[in-house]
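Here's model39.txt, which has compact mmCIF, C-alpha atoms:
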# COMPACT_ATOMS: atom_id res chain seq x y z
CA MET W 452 112.89 81.04 96.34
CA GLY W 453 116.44 81.09 97.00
CA ASP W 454 119.08 78.53 96.41
CA ILE W 455 118.65 75.45 98.50
CA ARG W 456 121.61 74.34 100.53
CA ARG W 457 121.75 70.74 101.59
CA ARG W 458 124.32 69.79 104.16
CA SER W 459 126.54 69.06 101.18
CA ALA W 460 126.17 72.72 100.21
CA VAL W 461 124.91 71.88 96.75
CA VAL W 462 122.96 74.73 95.22
CA LEU W 463 119.79 73.31 93.72
CA GLY W 464 118.01 76.27 92.23
CA VAL W 465 116.43 79.64 92.53
CA THR W 466 112.88 80.82 92.62
CA GLY W 467 111.44 83.13 95.16
CA LEU W 468 109.02 85.13 97.00
CA VAL W 469 108.51 88.75 97.17
CA ALA W 470 105.79 90.89 96.48
CA PRO W 471 102.65 89.51 95.38
CA LEU W 472 97.61 87.19 91.75
CA THR W 473 99.30 88.28 88.65
CA LEU W 474 96.48 90.25 87.20
CA ALA W 475 97.58 92.94 84.79
CA LEU W 476 98.49 96.01 86.74
CA THR W 477 97.01 99.25 85.54
CA SER W 478 97.41 102.69 86.90
CA ALA W 479 94.56 104.14 88.87
CA PRO W 480 94.03 107.84 88.26
CA ALA W 481 96.55 110.02 90.01
CA GLN W 482 95.02 111.81 92.96
CA ALA W 483 96.28 114.53 95.20
CA ALA W 484 94.08 113.21 98.00
CA SER W 485 94.54 109.79 99.57
CA CYS W 486 91.12 108.58 98.42
CA THR W 487 89.85 109.01 94.88
CA THR W 488 86.46 110.43 93.96
CA GLN W 489 86.52 108.72 90.58
CA THR W 490 84.18 105.89 89.68
CA GLY W 491 86.06 102.81 88.52
CA PRO W 492 85.19 100.48 85.63
CA TYR W 493 84.27 97.73 88.10
CA GLN W 494 82.40 99.96 90.52
CA LYS W 495 79.20 97.93 90.70
CA GLN W 496 80.97 94.60 91.04
CA VAL W 497 83.22 95.93 93.77
CA GLU W 498 80.32 97.55 95.61
CA LYS W 499 78.41 94.27 95.55
CA PHE W 500 81.41 92.30 96.81
CA LEU W 501 81.91 94.70 99.71
CA GLY W 502 78.23 94.82 100.62
CA ARG W 503 77.94 98.46 99.63
CA PRO W 504 74.86 100.00 97.97
CA VAL W 505 75.19 99.04 94.31
CA ASP W 506 74.66 102.26 92.40
CA GLY W 507 77.78 102.30 90.25
CA LYS W 508 78.85 105.66 91.60
CA GLN W 509 81.84 106.33 93.82
CA SER W 510 81.08 107.77 97.25
CA ALA W 511 83.36 108.65 100.14
CA ALA W 512 82.15 105.54 101.99
CA ASP W 513 82.73 103.38 98.92
CA CYS W 514 86.25 104.71 98.60
CA LYS W 515 87.11 104.01 102.24
CA ALA W 516 85.77 100.45 101.98
CA ILE W 517 87.69 99.78 98.76
CA GLN W 518 90.83 101.36 100.17
CA ALA W 519 90.63 99.19 103.30
CA PHE W 520 90.40 96.08 101.10
CA GLN W 521 93.36 97.24 99.03
CA ASN W 522 95.48 97.91 102.10
CA LYS W 523 94.60 94.53 103.59
CA HIS W 524 95.76 92.65 100.50
CA GLY W 525 98.67 94.83 99.39
CA ILE W 526 97.00 96.18 96.25
CA THR W 527 98.62 99.37 95.04
CA PRO W 528 97.97 102.19 94.59
CA ALA W 529 95.56 101.97 97.52
CA VAL W 530 93.44 104.98 96.58
CA GLY W 531 90.02 103.30 96.69
CA TYR W 532 89.69 103.00 92.92
CA ALA W 533 87.52 100.12 91.62
CA GLY W 534 89.96 99.05 88.91
CA PRO W 535 90.81 95.71 87.27
CA VAL W 536 93.39 94.56 89.82
CA THR W 537 91.07 95.10 92.78
CA TRP W 538 88.15 93.45 91.02
CA GLY W 539 90.41 90.62 89.79
CA VAL W 540 91.31 89.76 93.39
CA MET W 541 87.66 89.86 94.44
CA ASP W 542 86.56 87.77 91.47
CA LEU W 543 89.18 85.15 92.32
CA MET W 544 87.97 85.09 95.92
CA ASN W 545 84.42 84.46 94.67
CA LYS W 546 85.61 81.59 92.46
CA GLN W 547 87.63 80.07 95.30
CA LYS W 548 84.63 80.21 97.60
CA ALA W 549 82.45 78.52 94.98
CA VAL W 550 84.72 75.45 95.01
CA GLY W 551 83.51 74.53 98.48
CA HIS W 552 84.78 71.21 99.79
CA ASN W 553 85.18 69.51 96.41
CA PRO W 554 88.33 71.03 94.88
CA ASN W 555 89.04 68.02 92.67
CA LYS W 556 85.57 67.85 91.16
CA ALA W 557 87.02 67.83 87.64
CA GLY W 558 89.39 65.00 88.60
CA LYS W 559 92.52 66.78 87.34
CA CYS W 560 94.66 65.95 90.37
CA PRO W 561 95.63 62.24 90.34
CA THR W 562 93.68 59.97 92.68
CA ASN W 563 95.89 56.92 92.12
CA LYS W 564 98.98 58.21 93.96
CA GLY W 565 97.90 57.89 97.57
CA ARG W 566 98.70 61.04 99.54
CA ILE W 567 99.35 63.97 97.21
CA ALA W 568 99.42 67.75 97.45
CA CYS W 569 97.47 69.38 94.62
CA VAL W 570 97.94 72.94 93.35
CA ASN W 571 95.37 74.53 91.02
CA LEU W 572 97.12 77.57 89.56
CA THR W 573 93.98 78.85 87.82
CA LEU W 574 92.09 79.17 91.10
CA GLN W 575 95.15 79.67 93.32
CA LEU W 576 94.07 76.82 95.57
CA SER W 577 95.90 73.89 97.11
CA TRP W 578 94.78 70.86 99.06
CA VAL W 579 96.01 67.47 100.25
CA GLN W 580 94.13 64.35 99.23
CA ASP W 581 94.65 60.63 99.74
CA GLY W 582 93.25 58.79 96.78
CA GLY W 583 89.83 60.35 96.34
CA ARG W 584 89.58 61.47 99.98
CA LEU W 585 90.13 65.11 100.84
CA VAL W 586 92.56 65.32 103.77
CA TYR W 587 93.06 69.08 104.11
CA GLY W 588 91.90 72.21 102.33
CA PRO W 589 91.32 73.62 99.87
CA VAL W 590 93.29 76.68 100.98
CA PRO W 591 94.25 79.82 99.06
CA VAL W 592 97.87 80.03 97.92
CA ARG W 593 100.05 82.58 96.19
CA THR W 594 102.05 81.18 93.27
CA GLY W 595 104.57 82.49 90.75
CA ARG W 596 104.05 85.80 89.03
CA ASN W 597 104.49 86.44 85.30
CA GLY W 598 108.00 85.43 84.30
CA PHE W 599 108.48 83.33 87.44
CA GLU W 600 105.61 80.88 87.00
CA THR W 601 105.25 77.88 89.27
CA ARG W 602 106.06 74.97 86.99
CA THR W 603 103.28 72.50 86.21
CA GLY W 604 103.33 68.72 86.28
CA LEU W 605 103.79 65.80 88.65
CA LYS W 606 106.63 66.26 91.15
CA LYS W 607 107.86 64.88 94.47
CA ILE W 608 108.91 66.55 97.69
CA TYR W 609 112.65 65.97 97.78
CA TRP W 610 113.83 68.18 100.62
CA ARG W 611 112.29 69.84 103.68
CA ASP W 612 113.76 72.61 105.79
CA ILE W 613 111.61 74.06 108.56
CA ASP W 614 113.77 77.18 109.04
CA HIS W 615 114.96 77.80 105.50
CA VAL W 616 116.24 81.25 104.51
CA SER W 617 116.72 82.34 100.92
CA SER W 618 120.32 83.31 100.26
CA VAL W 619 119.21 85.16 97.11
CA TYR W 620 116.52 87.38 98.64
CA ASN W 621 117.64 87.05 102.26
CA VAL W 622 114.09 86.33 103.38
CA PRO W 623 112.83 83.57 105.68
CA MET W 624 110.95 80.67 104.10
CA PRO W 625 109.48 78.79 107.09
CA TYR W 626 108.21 75.24 106.65
CA SER W 627 109.82 74.89 103.22
CA GLN W 628 109.01 71.70 101.33
CA PHE W 629 110.83 71.70 98.00
CA PHE W 630 109.33 69.86 95.05
CA ASP W 631 110.85 71.33 91.87
CA GLY W 632 114.28 72.96 91.77
CA GLY W 633 113.96 75.90 94.14
CA GLN W 634 110.16 75.87 94.15
CA ALA W 635 108.57 74.96 97.46
CA PHE W 636 105.57 75.21 99.71
CA HIS W 637 106.33 77.66 102.53
CA SER W 638 104.71 80.30 104.69
CA VAL W 639 104.86 84.06 104.15
CA GLY W 640 103.65 87.05 106.11
CA LEU W 641 101.57 88.38 103.21
CA SER W 642 97.99 88.14 102.07
CA MET W 643 97.45 85.19 99.74
CA TRP W 644 95.82 87.66 97.34
CA ASN W 645 98.73 90.08 97.33
CA PRO W 646 99.60 90.85 93.65
CA PRO W 647 101.45 90.01 91.52
CA GLY W 648 102.76 86.77 93.10
CA SER W 649 105.86 84.90 94.23
CA HIS W 650 109.04 84.11 92.34
CA GLY W 651 107.83 80.55 91.80
CA CYS W 652 107.16 79.12 95.23
CA VAL W 653 103.71 78.23 96.54
CA ASN W 654 103.18 80.72 99.35
CA MET W 655 100.86 79.78 102.20
CA THR W 656 99.64 81.18 105.50
CA THR W 657 101.59 80.04 108.53
CA LYS W 658 98.66 77.90 109.67
CA ASP W 659 98.40 76.10 106.34
CA ALA W 660 102.16 75.71 105.89
CA LYS W 661 102.38 74.12 109.35
CA LYS W 662 99.58 71.73 108.49
CA TYR W 663 101.25 70.77 105.20
CA TRP W 664 104.47 70.18 107.13
CA SER W 665 102.67 67.75 109.42
CA LEU W 666 100.80 65.97 106.63
CA LEU W 667 103.53 65.56 104.01
CA LYS W 668 106.94 63.93 103.97
CA THR W 669 109.89 63.53 101.65
CA GLY W 670 108.87 61.44 98.66
CA ASP W 671 105.21 62.50 98.65
CA ASP W 672 103.75 63.57 95.32
CA VAL W 673 102.84 67.11 94.30
CA TYR W 674 100.73 67.88 91.25
CA VAL W 675 100.60 71.41 89.83
CA TYR W 676 98.20 72.28 87.02
CA GLY W 677 96.34 75.14 85.40
CA ARG W 678 97.52 78.66 84.70
CA LYS W 679 97.60 81.60 87.07
CA PRO W 680 95.58 84.62 85.91
CA GLY W 681 97.86 87.16 84.28
CA THR W 682 100.69 84.75 83.38
Could you spell out this file's structure in structure tokens?
Amino acid sequence: MGDIRRRSAVVLGVTGLVAPLTLALTSAPAQAASCTTQTGPYQKQVEKFLGRPVDGKQSAADCKAIQAFQNKHGITPAVGYAGPVTWGVMDLMNKQKAVGHNPNKAGKCPTNKGRIACVNLTLQLSWVQDGGRLVYGPVPVRTGRNGFETRTGLKKIYWRDIDHVSSVYNVPMPYSQFFDGGQAFHSVGLSMWNPPGSHGCVNMTTKDAKKYWSLLKTGDDVYVYGRKPGT
């Protein structure tokens, strides 16, 4: 996200953040009103997720609940339609919750590197471990959208800038920890489930980005694996 300027003013690369899980965007039915009366293809699943009566039929109360969820997470159009993008976000949340406190159960993030930050693109989760011991997380993250994917593989944090600002997008990137070209961990003022994703960086909440800043240092390993839905 942005070209990185060391004190030597060397430009290292560009990736970025902007708008938001890259699940295929589809158009909800056009409505004159602000809340749709149409039943969506994922009506029952969405009703169940929101704790609504599961009857598979759109009601005014259903629409308001769905619309509130969409507004909270930046899902557009926020008309209360139970479509694939809204359900995709909810389904991901369910899968993230199911991970519990054992994010490396499959052993895909290396346990022989000492302290390492792991990023599971498939589940949009990150955590810090030390050997086989979980140090922090897992926490939800927001990675690169289609065409700007967060690159996979083993990397190292090579530069940190607590008050970084992207010169490409002119947006703040607090608590930036760069690990691959212009790709970095940093905080954003967006929902972690805001589609379609970043321009390559691993977006975090301010709380989690601060914690990563305190736990990691230059030279620490980062391992990115999996594939973000929709990329």
Residue contacts of W:Thr656 (8 Å, all atoms listed in the file) excluding same-chain residues fewer than 4 positions away, as a compact mmCIF listing (two decimals) with C-alpha atoms, keeping the file's coordinate frame:
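And here's part-v5.txt as it stands now:
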# COMPACT_ATOMS: atom_id res chain seq x y z
CA VAL W 592 97.87 80.03 97.92
CA SER W 638 104.71 80.30 104.69
CA VAL W 639 104.86 84.06 104.15
CA GLY W 640 103.65 87.05 106.11
CA LEU W 641 101.57 88.38 103.21
CA SER W 642 97.99 88.14 102.07
CA MET W 643 97.45 85.19 99.74
CA ALA W 660 102.16 75.71 105.89
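With distances restricted to only C-alpha atoms, W:Trp578 is the closest residue to W:Gly551 from W:Tyr609, W:Trp578, W:Trp664, W:Phe630.
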What's the 12 Å shell around W:Ala512, counting only C-alpha atoms, without same-chain residues fewer than 4 positions away, as a PDB file with C-alpha atoms, in the coordinates of the input?
ATOM      1  CA  CYS W 486      91.120 108.580  98.420  1.00  0.00           C
ATOM      2  CA  THR W 487      89.850 109.010  94.880  1.00  0.00           C
ATOM      3  CA  THR W 488      86.460 110.430  93.960  1.00  0.00           C
ATOM      4  CA  GLU W 498      80.320  97.550  95.610  1.00  0.00           C
ATOM      5  CA  LEU W 501      81.910  94.700  99.710  1.00  0.00           C
ATOM      6  CA  GLY W 502      78.230  94.820 100.620  1.00  0.00           C
ATOM      7  CA  ARG W 503      77.940  98.460  99.630  1.00  0.00           C
ATOM      8  CA  PRO W 504      74.860 100.000  97.970  1.00  0.00           C
ATOM      9  CA  LYS W 508      78.850 105.660  91.600  1.00  0.00           C
ATOM     10  CA  ALA W 516      85.770 100.450 101.980  1.00  0.00           C
ATOM     11  CA  ILE W 517      87.690  99.780  98.760  1.00  0.00           C
ATOM     12  CA  GLN W 518      90.830 101.360 100.170  1.00  0.00           C
ATOM     13  CA  ALA W 519      90.630  99.190 103.300  1.00  0.00           C
ATOM     14  CA  GLY W 531      90.020 103.300  96.690  1.00  0.00           C
TER      15      GLY W 531
END
- Task: Give me, please, the distance in Å between atom CA of W:Arg593 and atom CA of W:Gly651, quoted to one decimal.
- Result: 9.2 Å
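Atom CA of W:His650 sits 27.3 Å away from atom CA of W:Ala549.
The interatomic distance for the pair atom CA of W:Asn645 and atom CA of W:Gln509 works out to 23.7 Å.
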- Query: Taking into account all atoms listed in the file, which residue in the set W:Gly583, W:Gly565, W:Pro591, W:Pro623 is nearest to W:Asn545?
  - Reply: W:Pro591
